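S.K.: Could you have a look at this structure, given as structure tokens, before my questions?
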Amino acid sequence: MELSLEAKRRLFTGGLAFLFLILLGRFAYVQLFRGEQFLEEANKNRVRVIEVDPPRGLIRDRFGEVLVENSPAYAVYAMPGEIRNSPQAYEIISAALHTTPAEIKQYIARNKRGNFVPVKIGRQIDFAAFSLLNERRLELTGVDFRTESRRTYDHGVKAPHLFGYLSEISDAELSLFGDNYSPGDLIGKKGVERQYESVMRGVKGHRFVEVDALGRVIRDLTEEDGERFRSNPPEPGKDVLLGLDASLQRMLEAELTGKNGGAVVLNCKNGDVLALVSKPDFDPELFSRTLTPEIWNRLLNDPNKPLYDRMVQSVYPPGSTFKMITAIAGLETGLINPNETVFCPGYYVFGGRTFECHKKGGHGTVNLLGALEQSCNVYFYRMGFRVGLEHWSDYAARFGFGKVTGIDLSEENAGLLPTVAYLDRRYGKDRWSKGMMLNLAIGQGDLLVTPLQMAVFAMTIANEGHSFKPRLRRSVLDPFTGTEEFVEPDTVEVKGIRPETWALVKRGMFLVVNGSRGTAVRSRVEGLVSAGKTGTAQNPHGEPHGWFIGFAPFDDPQVAFCVFIENGGSGSGAAAPVARKILSFLLENKKLTPQLEADEAAD
Amino acid sequence: MKTALLDRSNEYLISRREYFTLFAAIVAAIAILFNNDAPQIDALRGLAVDRLALLQEKLSWFSRLTQSTEEMSALRQRATQLMLENSQLREAYLENFRLRRLLEYRERTPLQLRSARVLFAERSRTPNTVVIDLGARQGMRVNMPVVTPDGLAGKIYKVNARTSLVQLLLDRNFSVSARSQGGRVLGIVSWSETRGLEMTGVPRNAVIKAGDMVVTSDYSALYPPGLRIGKVIAPSLEKGEPFMRIPLEPAVRFDRLEELFVITTPAESFKVTVADSSSGD
């Protein structure tokens with residue numbers, strides 16, 4: 001059928017009108033129905049917030065020497081809503097990150113928290129891979145590159161238990177302190193890093209950039225583009241200065257390598273931890289790089305338990321180092337007369353059981369000072385039984401046993417101080433033997449302490465009850481203004497002990513080191529008078545543990561210490577020589593003021 | 001009868017040509033509206049740039065008639081080649097000191113250059129580019145480094161048949177792996193309109209001072225090592241920054257780009273090769 005010209009014209013005009021309608025319809029749809037959504041997306045799309053991480057504060061020793069600092073680490077982020085689904089882009093990224101495109105896609109899908117929340121797809125990548133991705137960034141829409149910080153420990157002090165480490169923030173932590181953190185950020189998980197997270201962290205900064213439809217940065221936005229685009233620089237974290245003496249710590253770390261155990265050295269004047277070494281340890285760098293499951297499992301399953309801080313987290317029977325508690329409790333209750341003598345034949349029979357002294361032939365006749373000097377068990381079996389569990393545990397509790405010392409480290413172990421209530425609970429009322437007190441009096445049995453508690457114990461005796469809470473942090477330094485804020489030490493008073501009692505116990509400890517029959521002559525240092533007490537703690541898992549606690553100089557105590565060697569055999573053989581190293585190091589390096597030989601007659 | 005009908009419809013088409021143009025325009029508009037960044041549209045853009053370039057070439061030929069174009073171009077090429085060799089020799093000299101005791105040797109292929117003329121610049125756009133008169137037909141490929149006798153100028157970003165777009169060092173999205181010449185300070189050099197050219201991610205304790213030259217690093221994936229990028233103005237440690245930013249003065253004068261050289265040697269061949277160190281002293 002032939003159409004008339006007029007009909008053709010109409011059809012044509014109608015067709016045009018129809019096309020216009022489609023066009024209009026599409027405009028209307030875009031503008032009226034999806035307009036708001038598109039605008040919002042376009043704004044999100046157009047303006048990108050670039051987070052600027054604050055520089056983390058450093059960890060320094062008491063003299064300001066840097067122990068833990070920051071080095072660049074290279075990270076790659078993907079913006080889930082922007083990363084283009086181009087096979088080539090995924091090829092480039094996966095080749096640089098040594099993975100496959102499928103794995104990257106899966107990872108992004110699993111960790112996505114929103115289209116415009118970046119997902120960290122590569123952490124601590126090497127500089128070559130970082131270079132490659134940066135240089136080809138124009139082909140990698142939706143991929144962002146950041147230079148982040150990594151903790152480095154290039155100053156010869158490892159102290160992994162003390163410094164702790166950083167790790168990626170967990171979801172729980174993110175919801176707890178989310179304001180200053182984003183997914184993928186690092187947060188202190190252990191040690192000083194965790195304890196002083198809020199000091200060292202600083203505050204994140206922001207700046208705004210305008211990007212085009214392909215996610216390419218067009219320009220930086222400034223406040224001229226609107227108040228809300230004003231960039232704010234990050235607020236850097238502050239440095240934490242520890243009371244630690246890096247040179248002493250270094251010396252001790254080297255000295256104790258190969259041993260299971262450690263040492264704590266405290267400043268008697270304020271409770272500063274001058275050194276805290278726990279061996280075996282691990283390389284803290286392992287945690288500042290990407291920790292592989294293999295390395296983690298190896299550390300976790302190592303029979304020597306390097307992840308444990310033996311000084312703070314592990315508990316052991318203290319052995320003879322605890323005899324001072326029995327002595328103090330006896331003297332203060334009047335149940336021990338210091339001049340009363342006991343004959344030690346080398347054993348003591350009680351309730352049909354034989355309790356042995358460490359000296360097979362016996363110590364002969366000893367009084368309190370002689371019993372401390374030679375560490376006579378028989379004397380303390382008898383005196384301990386006389387003092388009784390109630391008094392004994394009361395005095396032990398006054399010294400803080402059974403409670404954490406309150407050092408600024410998390411996961412401190414409180415140890416175990418047996419009391420009547422505890423033994424009733426554990427064994428049943430009246431179901432435990434009074435003979436238990438014999439073992440407790442010489443620091444054995446159910447009693448458990450940390451080496452740190454024993455170092456604090458030594459400090460408390462040295463200071464005659466005027467003690468301090470042990471602390472790692474001494475001051476906080478603003479690295480840009482140079483202002484250093486010192487932290488006041490927390491004093492701890494052990495009350496109700498007479499000066500005569502302190503004098504007697506200290507005298508006993510003096511003889512341990514300086515007496516002719518003392519058990520710790522191996523800790524003696526020429527030109528420095530010190531006092532101490534050895535301990536050899538029997539344990540069912542092998543050789544006895546070796547303990548030595550003490551303080552120096554005797555007349556004006558400046559340092560107190562505890563050396564603990566797991567399965568070391570004995571305190572005098574394994575621990576006292578380490579104490580000698582500590583004291584001679586401090587003396588040679590003029591870290592303490594020696595006193596003149598106070599009492600030549602004591603020899 | 002048939003001819004008459006044809007004549008009539010021709011007449012009809014001619015008389016209604018405005019309608020047909022409009023019709024075509026609407027169809028095109030709809031097509032563009034529905035396919036924003038399709039490769040076909042991109043190809044169309046490339047073609048337009050190519051045609052424009054051709055025109056520009058014809059015009060510039062006239063303006064350069066008086067010059068011995070080829071001779072100059074050859075001289076510049078030679079100068080650039082010498083710059084590159086010089087740069088590498090300096091590196092080798094410094095390296096010799098550093099690595100004397102290490103049995104590590106580097107083998108570098110002489111770099112092949114192609115001279116290119118800048119047709120026009122699109123400096124205000126993102127990315128900041130210039131168009132050069134070499135394209136796919138001359139063997140250009142994306143990511144080929146572009147230099148001048150003074151140093152690194154940029155890289156090829158898009159290749160058309162007869163022309164290519166060069167993304168300049170002064171583009172917000174340009175990054176290059178860099179290090180200080182003679183030193184071991186590594187970082188990424190990029191440009192921002194607020195801060196200019198700078199090397200970032202440099203540790204705070206890095207030893208670097210004003211006047212030091214920053215060159216492409218051995219870790220670069222696209223550029224031969226040792227190409228000059230810029231001179232250190234003054235290292236600065238801003239309060240809020242964990243690392244140093246090192247402002248640079250670009251080695252290349254970007255205000256007068258007329259001739260550029262494209263390094264056509266494949267990137268793989270200037271990558272460092274390390275010899276087996278067990279071969280003895």
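Letters A, B, ... go to the chains of the structure tokens in the order shown; residues in each chain start at 1; ligands are counted from 1 in the same order.
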Based on only C-alpha atoms, which of the residues in chain A come within 6 Å of chain B? I want them as a PyMOL selection string.

M.R.: chain A and resi 55+128+131-132+134-135+147+218+233-236

S.K.: Now that the selection is made, can you save its residues with N, CA, C and O atoms as a short mmCIF file (atom, residue, chain, number, x, y, z; two decimals), in the first residue's frame?

M.R.:
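Result written to result_5.cif:
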data_model
loop_
_atom_site.label_atom_id
_atom_site.label_comp_id
_atom_site.auth_asym_id
_atom_site.auth_seq_id
_atom_site.Cartn_x
_atom_site.Cartn_y
_atom_site.Cartn_z
N PRO A 55 52.36 10.42 62.71
CA PRO A 55 53.58 9.67 63.02
C PRO A 55 53.49 9.16 64.45
O PRO A 55 53.16 9.92 65.37
N ALA A 128 60.10 -2.45 45.30
CA ALA A 128 59.99 -2.69 43.86
C ALA A 128 58.52 -2.82 43.45
O ALA A 128 58.08 -2.22 42.47
N SER A 131 56.86 0.50 43.76
CA SER A 131 57.26 1.35 42.64
C SER A 131 56.43 1.02 41.41
O SER A 131 55.90 1.91 40.75
N LEU A 132 56.33 -0.26 41.13
CA LEU A 132 55.60 -0.70 39.93
C LEU A 132 54.15 -0.22 39.96
O LEU A 132 53.66 0.37 39.01
N ASN A 134 52.82 2.19 41.77
CA ASN A 134 52.76 3.64 41.72
C ASN A 134 52.94 4.18 40.30
O ASN A 134 52.23 5.07 39.88
N GLU A 135 53.91 3.59 39.60
CA GLU A 135 54.21 4.10 38.26
C GLU A 135 53.08 3.81 37.28
O GLU A 135 52.92 4.49 36.29
N THR A 147 52.33 5.27 52.06
CA THR A 147 53.54 4.96 52.80
C THR A 147 53.16 5.00 54.26
O THR A 147 52.76 6.04 54.77
N ILE A 218 42.25 14.95 40.39
CA ILE A 218 42.32 16.14 39.55
C ILE A 218 43.07 17.23 40.28
O ILE A 218 43.96 17.86 39.75
N PRO A 233 46.04 18.73 59.34
CA PRO A 233 47.21 17.85 59.41
C PRO A 233 47.10 16.92 60.62
O PRO A 233 46.42 17.26 61.60
N PRO A 234 47.72 15.77 60.56
CA PRO A 234 47.66 14.86 61.70
C PRO A 234 48.40 15.43 62.90
O PRO A 234 49.33 16.23 62.74
N GLU A 235 47.95 15.03 64.06
CA GLU A 235 48.62 15.44 65.30
C GLU A 235 49.58 14.32 65.67
O GLU A 235 49.15 13.19 65.94
N PRO A 236 50.88 14.58 65.64
CA PRO A 236 51.81 13.46 65.87
C PRO A 236 51.73 12.91 67.29
O PRO A 236 51.39 13.64 68.22
#

S.K.: Using only C-alpha atoms, which protein or nucleic acid residues come within 10 Å of A:Phe116? Drop anything in the same chain fewer than 2 positions from it, and give the result as number ranges by chain.

M.R.: A: 41, 44-45, 48-49, 78-82, 112-114, 118-119, 142

S.K.: Can you list, as a list in words, every protein, DNA or RNA residue that comes within 7 Å of A:Phe399 when you count only C-alpha atoms, leaving out same-chain residues fewer than 3 positions away?

M.R.: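 These residues fall inside the cut-off: Tyr395, Ala396, Phe457 and Val494 of chain A.
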
S.K.: Write the selection just made, keeping N, CA and C atoms, as a CSV table (one decimal), in the first residue's frame?

M.R.:
chain,number,residue,atom,x,y,z
A,395,TYR,N,51.6,-11.2,106.7
A,395,TYR,CA,52.8,-10.4,106.3
A,395,TYR,C,53.2,-10.5,104.9
A,396,ALA,N,53.0,-11.6,104.3
A,396,ALA,CA,53.3,-11.8,102.9
A,396,ALA,C,52.4,-10.9,102.0
A,457,PHE,N,60.0,-6.9,96.1
A,457,PHE,CA,60.2,-7.3,97.5
A,457,PHE,C,61.6,-6.8,97.9
A,494,VAL,N,54.8,-0.2,103.1
A,494,VAL,CA,54.5,-1.4,103.9
A,494,VAL,C,54.6,-1.0,105.3

S.K.: Just give me the gap between atom CA of B:Val130 and atom CA of B:Leu257 in Å, one decimal is fine.

M.R.: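 A separation of 8.9 Å between them.
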
S.K.: Could you pull out the strand (DSSP E or B) residues of stretch 38-275 of chain A from DSSP and send them as a PyMOL selection string?

M.R.: chain A and resi 47-52+59-60+66-78+119-125+143-152+166-168+186-188+203+205-211+217-221+232+235+239-242+261-267+272-275

S.K.: Find, counting only C-alpha atoms, the residue in B:Ala79, B:Val252, B:Ala161, B:Ala24 that gets nearest to B:Arg137.

M.R.: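 The answer is B:Ala161, which sits nearest to B:Arg137.
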
S.K.: What does the distance between atom CA of A:Leu417 and atom CA of A:Trp392 come to in Å, to one decimal place?

M.R.: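 We find that atom CA of A:Leu417 and atom CA of A:Trp392 lie 10.1 Å from each other.
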
S.K.: Which one is closest to B:Ala206: B:Val131, B:Leu84, B:Ile229, B:Ile246? Count only C-alpha atoms.

M.R.: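 Looking only at the distances to B:Ala206, the closest residue turns out to be B:Ile246.
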
S.K.: Env of B:Gly226: 6 Å cut, atoms = only C-alpha atoms, seq-sep filter 4 positions within chain, self excluded. Answer as a ChimeraX atom specification.

M.R.: /B:87-88,215-216

S.K.: Please dump the current selection as a compact mmCIF listing (two decimals), in the first residue's frame; keep all heavy atoms.

M.R.:
# COMPACT_ATOMS: atom_id res chain seq x y z
N SER B 87 74.70 9.94 32.53
CA SER B 87 74.00 9.66 33.78
C SER B 87 74.33 8.25 34.27
O SER B 87 74.61 8.02 35.43
CB SER B 87 72.51 9.82 33.52
OG SER B 87 71.81 9.76 34.68
N GLN B 88 74.31 7.33 33.31
CA GLN B 88 74.60 5.94 33.68
C GLN B 88 76.06 5.76 34.09
O GLN B 88 76.37 4.99 34.98
CB GLN B 88 74.26 5.01 32.53
CG GLN B 88 72.75 4.95 32.29
CD GLN B 88 72.36 3.83 31.34
OE1 GLN B 88 73.21 3.28 30.66
NE2 GLN B 88 71.08 3.52 31.31
N VAL B 215 67.22 10.87 41.03
CA VAL B 215 67.14 10.17 39.74
C VAL B 215 66.20 8.97 39.86
O VAL B 215 65.81 8.60 40.95
CB VAL B 215 68.54 9.68 39.29
CG1 VAL B 215 69.48 10.86 39.06
CG2 VAL B 215 69.13 8.70 40.29
N THR B 216 65.86 8.40 38.72
CA THR B 216 65.00 7.21 38.75
C THR B 216 65.76 6.07 39.44
O THR B 216 66.96 5.93 39.27
CB THR B 216 64.60 6.77 37.33
OG1 THR B 216 65.78 6.72 36.53
CG2 THR B 216 63.62 7.73 36.70

S.K.: Tell me, in Å to one decimal, how far atom CA of A:Val264 is from atom CA of A:Gln453.

M.R.: 9.7 Å

S.K.: Identify all residues of stretch 197-435 of chain A in alpha helix (DSSP H) (DSSP on the backbone) and supply them as a ChimeraX atom specification.

M.R.: /A:197-201,246-255,285-288,293-301,323-333,368-374,377-398,420-427

S.K.: Can you pull out every residue within 8 Å of A:Val492, counting only C-alpha atoms, but drop anything in the same chain fewer than 5 positions away, and send it as a PyMOL selection string?

M.R.: chain A and resi 465-469
